[in-house]
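Below is one structure, written out as structure tokens; comments come after it.
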2 protein chains.
Amino acid sequence: MVQPIDLSDAASGTGRVRQFVSRILPGCRTCLASELAVCAAAKAGAYVQQSVVTVSARRIVCHEQDSLDALPIICGGWACCAVMLSDGSRQILSFLLPGDPVSTSLLFAAKPNCFVETVTPVTYRLFSRSGMRERAFANPETLDAFARIRLEEQSRSDALIADLGRRKADERIARLILGLMQRLQQRGMVAGDPPAFAFPLRLHHIADATGLTPVHVSKVLSGLRRDGLIRMSRRSLAVLDTAGLAAIAHLR
Amino acid sequence: MVQPIDLSDAASGTGRVRQFVSRILPGCRTCLASELAVCAAAKAGAYVQQSVVTVSARRIVCHEQDSLDALPIICGGWACCAVMLSDGSRQILSFLLPGDPVSTSLLFAAKPNCFVETVTPVTYRLFSRSGMRERAFANPETLDAFARIRLEEQSRSDALIADLGRRKADERIARLILGLMQRLQQRGMVAGDPPAFAFPLRLHHIADATGLTPVHVSKVLSGLRRDGLIRMSRRSLAVLDTAGLAAIAHLR
DNA sequence: CGGTGTCTTGAATACCATCAAGTCTTGTGG
DNA sequence: CCACAAGACTTGATGGTATTCAAGACACCG
């Protein structure tokens, strides 16, 4: 496996920093910063944004034990949040799509408690935690928005626990695909009939997210293709039979 | 398996309700309500407490889709928070010990998002969510306490995801035992050398928490006993070799 | 003292990991 | 643009871990 390159050292400088990029992107639809009008890409607002950063694929954005006073929110590209085990194996806790905050822990604390690695090239904005915090006290709606984000995150964690504890490989993979498709649909990033979308995940990403090995993921995906449920080509995925995939995902 | 009895229907009335029980218990040591002085068991405070409830073992305290105005906090006894799958299998998300809030989701929202079932007879207190919420706005320290609880919960969820996704049966079980022992130690509920504590869990609880079957849990526990790492008798557990158990839990 | 629920143990089986070899894709430098 | 190398993917063979099934021992309770 390729070792990811660590960008979190201040000196590395391979992350390009640009100020005041302000195009509206698909991720803005579901973005907390957009909802709270604290982003420079939004029309108005007392910006608590600090900067915009772009990094390439397979780079580490932050470590578990880093101390950050800013909350990064993904504007474009895919990333993942993971923990490493002592034997070197990895468990992906969640995939981060455009509009997602990198670890909502960072709304309240300095430590992300997981490390974040890009899957594709990623652009993200940094928002000052103290600025966000002041807004939360000034405005109960902001605090409610934080609570909502927090509940969604917990809810996804709980679902993942149930998947890993009690479901078989094909169910886990079908649920992962459907979950990602749903989140991409909310962002308007799914098009066509049958629905298709960019799918940059490698087998090892799917494996580390579902608690399987890349080899076994390959076999399961081959089965789904053979049964005409999905089609994968050139880093994009089409769900040919949504109901069939949902049947594998849900029922037992 | 025994079907648990559902107490969440308002009419059932098998839960005994007593007002103003105010003895200091082991769970008070780590209890949020005690820290915030909102509990009648604490010396002073503007109580936001509503009532005290006692229920027997294997009873459902609340459902996933219940709408609750109050946050229950366990005063005595063990409970667990779980989700059910469509095939009837169950995944336990966490064990609740004295001092633990039943689903911290209820600090901000009305839905617990998991169902809560008692393991032993349990006494809990109900605290009004609106009262807690007012305190959080009045007092930044209260909000920080909420954030801390929330981070701990997320941290435990993440650890469980890593356990279920990437660890083997003996590791999961050793980690469960050590995790429970640590939490009980914080509450002063572990005594003796070698350390021993009340351990009311049945095999099916351990199985549903670790994503295994009761049969296999039995085999793993037999191994731990045979190797002199633990001793179990009459619903109590002694850890005879903490270092050895930690070695199984951590390393690979 | 049956009855129910719990625990233990063994045998057979299912699922997934590991290992290995080969093919395909992607990126890079000449 | 091509050649090469490294990474990614596929497929089959084999083995280990956990499940399922089953039978019997044990504890607890009315």
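Going by the structure tokens order, chains are called A, B, ..., each with residues numbered from 1, while ligands are numbered from 1 in the order shown.
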Note to self: Can you tell me, as a list in words, which residues in region 133-251 of chain B count as strand (DSSP E or B) by DSSP?
What the structure shows: Ala191, Ala196, Phe197, Ala198, Ile230, Arg231, Met232, Ser233, Ser236, Leu237, Ala238 and Val239 of chain B
Written file, previous selection with N, CA and C atoms, as a short mmCIF file (atom, residue, chain, number, x, y, z; two decimals), in the first residue's frame:
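Result file is again_7.cif:
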data_model
loop_
_atom_site.label_atom_id
_atom_site.label_comp_id
_atom_site.auth_asym_id
_atom_site.auth_seq_id
_atom_site.Cartn_x
_atom_site.Cartn_y
_atom_site.Cartn_z
N ALA B 191 -13.33 -3.28 43.85
CA ALA B 191 -12.64 -3.43 45.12
C ALA B 191 -11.73 -4.65 45.10
N ALA B 196 -12.03 -6.84 41.66
CA ALA B 196 -13.27 -7.58 41.36
C ALA B 196 -14.45 -6.64 41.42
N PHE B 197 -15.47 -6.98 40.68
CA PHE B 197 -16.66 -6.12 40.63
C PHE B 197 -17.89 -6.92 40.22
N ALA B 198 -19.05 -6.38 40.55
CA ALA B 198 -20.31 -6.99 40.13
C ALA B 198 -20.39 -6.98 38.61
N ILE B 230 -9.01 -14.28 34.14
CA ILE B 230 -10.18 -13.79 34.85
C ILE B 230 -10.80 -14.92 35.67
N ARG B 231 -11.66 -14.53 36.61
CA ARG B 231 -12.46 -15.52 37.34
C ARG B 231 -13.88 -14.99 37.41
N MET B 232 -14.83 -15.82 37.08
CA MET B 232 -16.23 -15.39 37.13
C MET B 232 -17.00 -16.31 38.03
N SER B 233 -17.77 -15.72 38.94
CA SER B 233 -18.63 -16.54 39.79
C SER B 233 -19.74 -15.70 40.36
N SER B 236 -20.17 -12.04 39.47
CA SER B 236 -19.11 -11.07 39.70
C SER B 236 -17.89 -11.52 38.93
N LEU B 237 -17.02 -10.57 38.63
CA LEU B 237 -15.86 -10.86 37.80
C LEU B 237 -14.61 -10.31 38.46
N ALA B 238 -13.57 -11.14 38.51
CA ALA B 238 -12.28 -10.70 39.04
C ALA B 238 -11.26 -10.76 37.92
N VAL B 239 -10.50 -9.70 37.75
CA VAL B 239 -9.43 -9.68 36.75
C VAL B 239 -8.14 -10.09 37.45
#
Check: When the cut-off is 9 Å and we count only C-alpha atoms (C1' of nucleotides), which residues of chain D are near chain A, given as a ChimeraX atom specification?
Finding: /D:7-11
Expected file: the selected residues, C-alpha atoms (C1' of nucleotides), as a tab-separated table (two decimals), in the first residue's frame:
chain	number	residue	atom	x	y	z
D	7	DG	C1'	-0.13	0.32	-7.96
D	8	DA	C1'	-4.80	-1.60	-8.41
D	9	DC	C1'	-7.75	-5.26	-9.44
D	10	DT	C1'	-9.20	-10.15	-10.32
D	11	DT	C1'	-9.39	-14.94	-9.52
Check: Mind listing as number ranges by chain which residues of chain A are within 9 Å of chain B, counting only C-alpha atoms?
Finding: A: 83-87, 89-93, 105, 108-109, 113-114, 137, 140, 144, 147-148, 150-151, 153-155, 157-166, 208-212, 250-252
Filtering to N, CA and C atoms, could you give me those residues as a CSV table (one decimal), in the first residue's frame?
chain,number,residue,atom,x,y,z
A,83,VAL,N,-9.3,5.7,12.0
A,83,VAL,CA,-8.3,5.5,13.1
A,83,VAL,C,-7.4,4.3,12.7
A,84,MET,N,-6.2,4.4,13.2
A,84,MET,CA,-5.2,3.4,13.0
A,84,MET,C,-5.1,2.4,14.2
A,85,LEU,N,-4.9,1.1,13.9
A,85,LEU,CA,-4.7,0.2,15.0
A,85,LEU,C,-3.2,-0.1,15.2
A,86,SER,N,-2.8,-0.6,16.3
A,86,SER,CA,-1.4,-0.8,16.6
A,86,SER,C,-0.8,-1.8,15.6
A,87,ASP,N,-1.5,-2.6,14.9
A,87,ASP,CA,-0.9,-3.6,14.0
A,87,ASP,C,-0.9,-3.0,12.6
A,89,SER,N,-3.4,-1.9,10.8
A,89,SER,CA,-4.7,-1.9,10.1
A,89,SER,C,-5.5,-0.7,10.4
A,90,ARG,N,-6.4,-0.4,9.5
A,90,ARG,CA,-7.1,0.9,9.6
A,90,ARG,C,-8.6,0.7,9.6
A,91,GLN,N,-9.3,1.5,10.3
A,91,GLN,CA,-10.8,1.5,10.2
A,91,GLN,C,-11.2,2.9,9.9
A,92,ILE,N,-11.9,3.0,8.7
A,92,ILE,CA,-12.5,4.2,8.3
A,92,ILE,C,-13.8,4.5,9.0
A,93,LEU,N,-13.9,5.6,9.7
A,93,LEU,CA,-15.1,5.9,10.5
A,93,LEU,C,-16.2,6.6,9.6
A,105,SER,N,-16.2,17.1,16.1
A,105,SER,CA,-15.6,17.3,17.4
A,105,SER,C,-14.9,18.7,17.5
A,108,PHE,N,-16.2,22.0,19.2
A,108,PHE,CA,-16.1,22.2,20.6
A,108,PHE,C,-14.7,22.0,21.2
A,109,ALA,N,-13.9,21.2,20.5
A,109,ALA,CA,-12.6,20.8,21.1
A,109,ALA,C,-11.5,20.9,20.1
A,113,ASN,N,-9.6,13.7,17.2
A,113,ASN,CA,-9.8,12.3,17.6
A,113,ASN,C,-9.9,11.3,16.5
A,114,CYS,N,-9.6,11.7,15.3
A,114,CYS,CA,-9.4,10.7,14.2
A,114,CYS,C,-8.5,11.4,13.2
A,137,PHE,N,-23.5,31.1,20.9
A,137,PHE,CA,-24.0,31.7,22.1
A,137,PHE,C,-25.0,32.9,21.8
A,140,PRO,N,-29.4,31.1,19.3
A,140,PRO,CA,-29.9,29.7,19.6
A,140,PRO,C,-30.0,28.9,18.3
A,144,ASP,N,-28.7,25.0,17.7
A,144,ASP,CA,-29.6,24.0,17.2
A,144,ASP,C,-29.0,23.3,15.9
A,147,ALA,N,-26.4,21.0,17.1
A,147,ALA,CA,-27.0,19.8,17.7
A,147,ALA,C,-27.5,18.9,16.6
A,148,ARG,N,-28.0,19.5,15.5
A,148,ARG,CA,-28.5,18.6,14.5
A,148,ARG,C,-27.4,17.9,13.8
A,150,ARG,N,-24.6,17.1,15.0
A,150,ARG,CA,-24.1,16.2,16.0
A,150,ARG,C,-24.9,14.9,16.0
A,151,LEU,N,-26.3,15.1,16.0
A,151,LEU,CA,-27.2,14.0,16.0
A,151,LEU,C,-27.0,13.1,14.7
A,153,GLU,N,-24.3,12.8,13.0
A,153,GLU,CA,-23.1,12.1,13.0
A,153,GLU,C,-23.2,10.9,13.9
A,154,GLN,N,-23.9,11.1,15.1
A,154,GLN,CA,-24.0,10.0,16.0
A,154,GLN,C,-24.9,8.9,15.4
A,155,SER,N,-25.9,9.3,14.7
A,155,SER,CA,-26.8,8.4,14.1
A,155,SER,C,-26.0,7.5,13.0
A,157,SER,N,-22.8,6.9,13.1
A,157,SER,CA,-21.9,6.0,13.9
A,157,SER,C,-22.6,4.8,14.3
A,158,ASP,N,-23.8,5.0,14.9
A,158,ASP,CA,-24.6,3.9,15.4
A,158,ASP,C,-25.0,2.9,14.3
A,159,ALA,N,-25.3,3.5,13.1
A,159,ALA,CA,-25.7,2.6,12.0
A,159,ALA,C,-24.4,1.8,11.6
A,160,LEU,N,-23.3,2.4,11.6
A,160,LEU,CA,-22.0,1.7,11.2
A,160,LEU,C,-21.7,0.6,12.3
A,161,ILE,N,-21.9,0.9,13.5
A,161,ILE,CA,-21.7,-0.2,14.6
A,161,ILE,C,-22.6,-1.4,14.3
A,162,ALA,N,-23.9,-1.1,14.0
A,162,ALA,CA,-24.8,-2.2,13.7
A,162,ALA,C,-24.3,-3.0,12.5
A,163,ASP,N,-23.9,-2.3,11.4
A,163,ASP,CA,-23.4,-2.9,10.2
A,163,ASP,C,-22.3,-3.8,10.5
A,164,LEU,N,-21.2,-3.3,11.2
A,164,LEU,CA,-20.0,-4.1,11.4
A,164,LEU,C,-20.3,-5.2,12.4
A,165,GLY,N,-21.2,-5.0,13.3
A,165,GLY,CA,-21.4,-6.0,14.3
A,165,GLY,C,-22.3,-7.2,13.8
A,166,ARG,N,-23.3,-6.8,13.0
A,166,ARG,CA,-24.4,-7.8,12.8
A,166,ARG,C,-24.7,-8.1,11.3
A,208,ASP,N,-11.6,-0.9,4.3
A,208,ASP,CA,-11.4,-0.3,5.6
A,208,ASP,C,-12.6,0.3,6.2
A,209,ALA,N,-13.6,0.7,5.4
A,209,ALA,CA,-14.8,1.2,5.9
A,209,ALA,C,-15.8,0.1,6.3
A,210,THR,N,-15.7,-1.1,5.7
A,210,THR,CA,-16.7,-2.1,6.0
A,210,THR,C,-16.1,-3.3,6.9
A,211,GLY,N,-14.8,-3.1,7.2
A,211,GLY,CA,-14.2,-4.1,8.1
A,211,GLY,C,-13.9,-5.4,7.3
A,212,LEU,N,-13.6,-5.3,6.0
A,212,LEU,CA,-13.3,-6.5,5.2
A,212,LEU,C,-11.9,-6.3,4.6
A,250,HIS,N,-31.0,-4.2,3.1
A,250,HIS,CA,-32.0,-4.1,4.3
A,250,HIS,C,-32.2,-5.5,4.8
A,251,LEU,N,-32.9,-6.3,4.0
A,251,LEU,CA,-33.5,-7.5,4.5
A,251,LEU,C,-32.4,-8.5,4.8
A,252,ARG,N,-32.8,-9.6,5.5
A,252,ARG,CA,-31.9,-10.7,5.7
A,252,ARG,C,-32.7,-12.0,5.6
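Applying a distance limit of 10 Å to only C-alpha atoms (C1' of nucleotides), the residues of chain A near chain C read Lys168, Ala169, Leu212, Thr213, Val215, His216 and Arg234 of chain A.
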Superposition output for chain B against chain A, all Cα paired in order, as a compact mmCIF listing (two decimals) with C-alpha atoms, in the first residue's frame:
# COMPACT_ATOMS: atom_id res chain seq x y z
CA MET B 1 0.01 0.00 0.04
CA VAL B 2 1.09 3.54 -0.70
CA GLN B 3 2.01 5.59 2.32
CA PRO B 4 0.04 8.84 2.38
CA ILE B 5 2.04 12.05 2.52
CA ASP B 6 1.68 14.06 5.69
CA LEU B 7 0.80 17.71 5.18
CA SER B 8 0.08 18.54 8.77
CA ASP B 9 3.62 19.69 9.52
CA ALA B 10 3.53 23.44 9.29
CA ALA B 11 6.66 23.54 7.18
CA SER B 12 5.55 21.24 4.39
CA GLY B 13 3.69 23.94 2.51
CA THR B 14 2.41 21.72 -0.28
CA GLY B 15 -1.14 22.82 0.46
CA ARG B 16 -1.98 25.81 -1.68
CA VAL B 17 -3.72 28.57 0.24
CA ARG B 18 -6.00 30.97 -1.57
CA GLN B 19 -8.15 33.68 -0.03
CA PHE B 20 -11.73 34.50 -0.94
CA VAL B 21 -12.62 31.87 -3.47
CA SER B 22 -16.33 32.40 -3.69
CA ARG B 23 -17.95 30.18 -6.26
CA ILE B 24 -21.10 28.32 -5.16
CA LEU B 25 -20.44 24.57 -5.35
CA PRO B 26 -22.66 21.47 -5.00
CA GLY B 27 -21.43 20.92 -1.45
CA CYS B 28 -22.75 24.33 -0.41
CA ARG B 29 -26.27 22.92 -0.52
CA THR B 30 -25.80 20.96 2.68
CA CYS B 31 -23.00 22.99 4.23
CA LEU B 32 -23.27 24.28 7.78
CA ALA B 33 -21.20 27.35 6.98
CA SER B 34 -23.51 28.18 4.12
CA GLU B 35 -26.59 27.71 6.31
CA LEU B 36 -25.12 29.98 8.97
CA ALA B 37 -23.93 32.52 6.38
CA VAL B 38 -20.42 32.54 7.78
CA CYS B 39 -18.76 31.53 4.50
CA ALA B 40 -17.31 33.91 1.95
CA ALA B 41 -19.05 31.89 -0.75
CA ALA B 42 -22.40 32.90 0.77
CA LYS B 43 -23.99 36.18 -0.18
CA ALA B 44 -23.78 38.01 3.13
CA GLY B 45 -22.45 37.29 6.56
CA ALA B 46 -19.92 38.04 9.21
CA TYR B 47 -17.31 35.64 7.94
CA VAL B 48 -15.60 33.54 10.50
CA GLN B 49 -13.71 31.94 7.68
CA GLN B 50 -9.95 32.04 7.74
CA SER B 51 -8.64 30.55 4.53
CA VAL B 52 -9.14 28.15 1.64
CA VAL B 53 -6.77 25.21 1.17
CA THR B 54 -6.36 22.76 -1.71
CA VAL B 55 -4.49 19.48 -1.29
CA SER B 56 -4.00 16.56 -3.65
CA ALA B 57 -5.20 12.96 -3.27
CA ARG B 58 -3.91 10.64 -0.54
CA ARG B 59 -2.72 13.38 1.78
CA ILE B 60 -3.23 13.56 5.52
CA VAL B 61 -5.17 16.68 6.48
CA CYS B 62 -4.85 16.29 10.23
CA HIS B 63 -3.80 13.78 12.89
CA GLU B 64 -5.72 12.41 15.86
CA GLN B 65 -3.61 14.36 18.32
CA ASP B 66 -3.29 17.60 16.39
CA SER B 67 -4.45 20.74 18.11
CA LEU B 68 -6.48 22.87 15.73
CA ASP B 69 -8.07 26.29 16.26
CA ALA B 70 -10.04 26.02 13.08
CA LEU B 71 -12.78 23.74 11.79
CA PRO B 72 -12.15 22.61 8.19
CA ILE B 73 -15.21 22.10 5.99
CA ILE B 74 -14.87 20.27 2.67
CA CYS B 75 -15.81 22.36 -0.37
CA GLY B 76 -14.90 19.87 -3.08
CA GLY B 77 -13.53 16.34 -3.31
CA TRP B 78 -13.74 13.26 -1.07
CA ALA B 79 -11.88 12.55 2.14
CA CYS B 80 -12.17 10.02 4.94
CA CYS B 81 -11.88 10.06 8.67
CA ALA B 82 -10.15 7.01 10.14
CA VAL B 83 -8.31 5.49 13.08
CA MET B 84 -5.18 3.36 12.91
CA LEU B 85 -4.65 0.21 14.97
CA SER B 86 -1.36 -0.83 16.48
CA ASP B 87 -0.88 -3.58 13.88
CA GLY B 88 -1.15 -1.07 11.07
CA SER B 89 -4.68 -1.93 10.00
CA ARG B 90 -7.09 0.91 9.55
CA GLN B 91 -10.76 1.51 10.22
CA ILE B 92 -12.51 4.24 8.27
CA LEU B 93 -15.12 5.93 10.46
CA SER B 94 -16.77 7.98 7.74
CA PHE B 95 -16.36 9.40 4.28
CA LEU B 96 -16.39 13.17 4.01
CA LEU B 97 -18.18 14.70 1.03
CA PRO B 98 -18.43 18.32 -0.08
CA GLY B 99 -20.23 20.31 2.60
CA ASP B 100 -19.14 18.02 5.43
CA PRO B 101 -17.20 19.33 8.39
CA VAL B 102 -13.98 17.46 9.12
CA SER B 103 -14.81 15.92 12.51
CA THR B 104 -17.57 17.82 14.27
CA SER B 105 -15.55 17.33 17.44
CA LEU B 106 -13.67 20.40 16.28
CA LEU B 107 -16.74 22.57 16.88
CA PHE B 108 -16.09 22.24 20.59
CA ALA B 109 -12.61 20.86 21.10
CA ALA B 110 -9.17 21.20 19.60
CA LYS B 111 -8.53 17.49 18.99
CA PRO B 112 -10.20 15.81 16.03
CA ASN B 113 -9.84 12.33 17.62
CA CYS B 114 -9.38 10.71 14.22
CA PHE B 115 -7.06 11.35 11.35
CA VAL B 116 -8.36 12.70 8.10
CA GLU B 117 -6.97 11.67 4.73
CA THR B 118 -7.99 12.82 1.28
CA VAL B 119 -9.29 10.34 -1.29
CA THR B 120 -9.33 12.73 -4.24
CA PRO B 121 -7.83 16.21 -4.47
CA VAL B 122 -9.74 18.24 -1.89
CA THR B 123 -10.48 21.90 -1.34
CA TYR B 124 -11.56 22.92 2.11
CA ARG B 125 -12.19 26.13 4.06
CA LEU B 126 -11.09 26.78 7.60
CA PHE B 127 -13.50 28.42 10.05
CA SER B 128 -12.37 29.77 13.40
CA ARG B 129 -13.73 27.75 16.30
CA SER B 130 -13.93 30.75 18.61
CA GLY B 131 -15.89 32.64 15.95
CA MET B 132 -18.32 29.74 15.52
CA ARG B 133 -18.63 29.42 19.26
CA GLU B 134 -19.51 33.09 19.71
CA ARG B 135 -22.21 32.74 17.10
CA ALA B 136 -23.64 29.73 18.91
CA PHE B 137 -24.04 31.75 22.10
CA ALA B 138 -25.41 34.77 20.29
CA ASN B 139 -27.91 32.76 18.31
CA PRO B 140 -29.87 29.72 19.57
CA GLU B 141 -30.54 28.63 16.00
CA THR B 142 -26.83 28.18 15.47
CA LEU B 143 -26.63 25.97 18.53
CA ASP B 144 -29.55 23.95 17.18
CA ALA B 145 -27.73 23.55 13.89
CA PHE B 146 -24.70 22.24 15.79
CA ALA B 147 -26.95 19.84 17.70
CA ARG B 148 -28.54 18.63 14.47
CA ILE B 149 -25.15 17.95 12.86
CA ARG B 150 -24.07 16.17 16.02
CA LEU B 151 -27.15 13.95 16.02
CA GLU B 152 -26.67 13.05 12.39
CA GLU B 153 -23.08 12.10 13.06
CA GLN B 154 -24.01 9.96 16.06
CA SER B 155 -26.76 8.35 14.07
CA ARG B 156 -24.34 7.39 11.31
CA SER B 157 -21.88 6.03 13.88
CA ASP B 158 -24.60 3.89 15.43
CA ALA B 159 -25.64 2.57 12.03
CA LEU B 160 -22.03 1.68 11.26
CA ILE B 161 -21.70 -0.16 14.57
CA ALA B 162 -24.77 -2.21 13.73
CA ASP B 163 -23.42 -2.90 10.22
CA LEU B 164 -20.02 -4.06 11.42
CA GLY B 165 -21.39 -6.07 14.33
CA ARG B 166 -24.33 -7.80 12.76
CA ARG B 167 -24.30 -7.73 8.98
CA LYS B 168 -22.57 -9.77 6.30
CA ALA B 169 -20.19 -8.49 3.67
CA ASP B 170 -22.71 -8.01 0.85
CA GLU B 171 -25.09 -6.13 3.15
CA ARG B 172 -22.36 -3.82 4.41
CA ILE B 173 -21.18 -2.99 0.91
CA ALA B 174 -24.69 -2.46 -0.46
CA ARG B 175 -25.46 -0.16 2.46
CA LEU B 176 -22.26 1.80 1.95
CA ILE B 177 -23.07 2.35 -1.72
CA LEU B 178 -26.67 3.36 -1.03
CA GLY B 179 -25.66 5.63 1.83
CA LEU B 180 -23.12 7.43 -0.31
CA MET B 181 -25.60 7.72 -3.18
CA GLN B 182 -28.18 9.28 -0.89
CA ARG B 183 -25.72 11.82 0.47
CA LEU B 184 -24.55 12.68 -3.04
CA GLN B 185 -28.16 13.08 -4.15
CA GLN B 186 -28.74 15.65 -1.42
CA ARG B 187 -25.87 17.59 -2.95
CA GLY B 188 -27.15 17.26 -6.50
CA MET B 189 -24.14 15.16 -7.46
CA VAL B 190 -26.08 12.20 -8.88
CA ALA B 191 -27.40 12.33 -12.43
CA GLY B 192 -29.12 10.16 -15.00
CA ASP B 193 -31.38 7.16 -15.06
CA PRO B 194 -30.14 4.74 -13.89
CA PRO B 195 -28.52 7.06 -11.35
CA ALA B 196 -24.75 7.41 -11.68
CA PHE B 197 -22.11 9.36 -9.83
CA ALA B 198 -18.37 9.84 -9.49
CA PHE B 199 -16.98 7.10 -7.26
CA PRO B 200 -13.31 7.62 -6.47
CA LEU B 201 -13.02 4.96 -3.75
CA ARG B 202 -10.41 2.23 -4.14
CA LEU B 203 -11.08 -1.29 -2.93
CA HIS B 204 -8.98 -0.64 0.16
CA HIS B 205 -11.19 2.32 1.09
CA ILE B 206 -14.30 0.18 0.89
CA ALA B 207 -12.52 -2.60 2.77
CA ASP B 208 -11.36 -0.31 5.57
CA ALA B 209 -14.83 1.20 5.87
CA THR B 210 -16.66 -2.14 5.98
CA GLY B 211 -14.20 -4.10 8.08
CA LEU B 212 -13.30 -6.46 5.20
CA THR B 213 -10.27 -7.12 3.02
CA PRO B 214 -9.79 -5.63 -0.46
CA VAL B 215 -9.78 -9.15 -1.90
CA HIS B 216 -13.17 -9.98 -0.48
CA VAL B 217 -14.61 -6.59 -1.46
CA SER B 218 -13.53 -7.37 -5.01
CA LYS B 219 -15.39 -10.66 -4.92
CA VAL B 220 -18.58 -9.12 -3.53
CA LEU B 221 -18.54 -6.27 -6.05
CA SER B 222 -18.00 -8.79 -8.86
CA GLY B 223 -21.14 -10.55 -7.64
CA LEU B 224 -23.14 -7.32 -7.62
CA ARG B 225 -21.96 -6.57 -11.16
CA ARG B 226 -22.69 -10.11 -12.35
CA ASP B 227 -26.22 -9.82 -10.96
CA GLY B 228 -26.79 -6.57 -12.83
CA LEU B 229 -27.20 -4.44 -9.70
CA ILE B 230 -24.37 -1.99 -10.33
CA ARG B 231 -21.95 -0.96 -13.05
CA MET B 232 -18.52 0.46 -12.35
CA SER B 233 -16.22 2.06 -14.87
CA ARG B 234 -13.58 4.71 -14.92
CA ARG B 235 -14.13 5.80 -11.29
CA SER B 236 -17.86 6.17 -11.61
CA LEU B 237 -20.67 3.99 -10.34
CA ALA B 238 -24.17 3.44 -11.70
CA VAL B 239 -26.86 1.79 -9.61
CA LEU B 240 -28.79 -0.25 -12.19
CA ASP B 241 -31.27 -1.81 -9.75
CA THR B 242 -31.87 0.38 -6.71
CA ALA B 243 -34.60 -1.86 -5.33
CA GLY B 244 -32.47 -4.96 -5.71
CA LEU B 245 -29.54 -3.31 -3.97
CA ALA B 246 -31.82 -2.08 -1.21
CA ALA B 247 -33.11 -5.62 -0.76
CA ILE B 248 -29.57 -6.86 -0.21
CA ALA B 249 -28.85 -3.95 2.10
CA HIS B 250 -31.97 -4.09 4.27
CA LEU B 251 -33.53 -7.47 4.52
CA ARG B 252 -31.93 -10.68 5.58
Next item on the list: Taking the DSSP assignment computed from this structure's backbone, write out as a VMD selection string all residues of region 37-215 of chain B that belong to helix (DSSP H, G or I).
Entry: chain B and resid 104 to 107 129 to 138 140 to 166 169 to 186 203 to 210 214 to 215
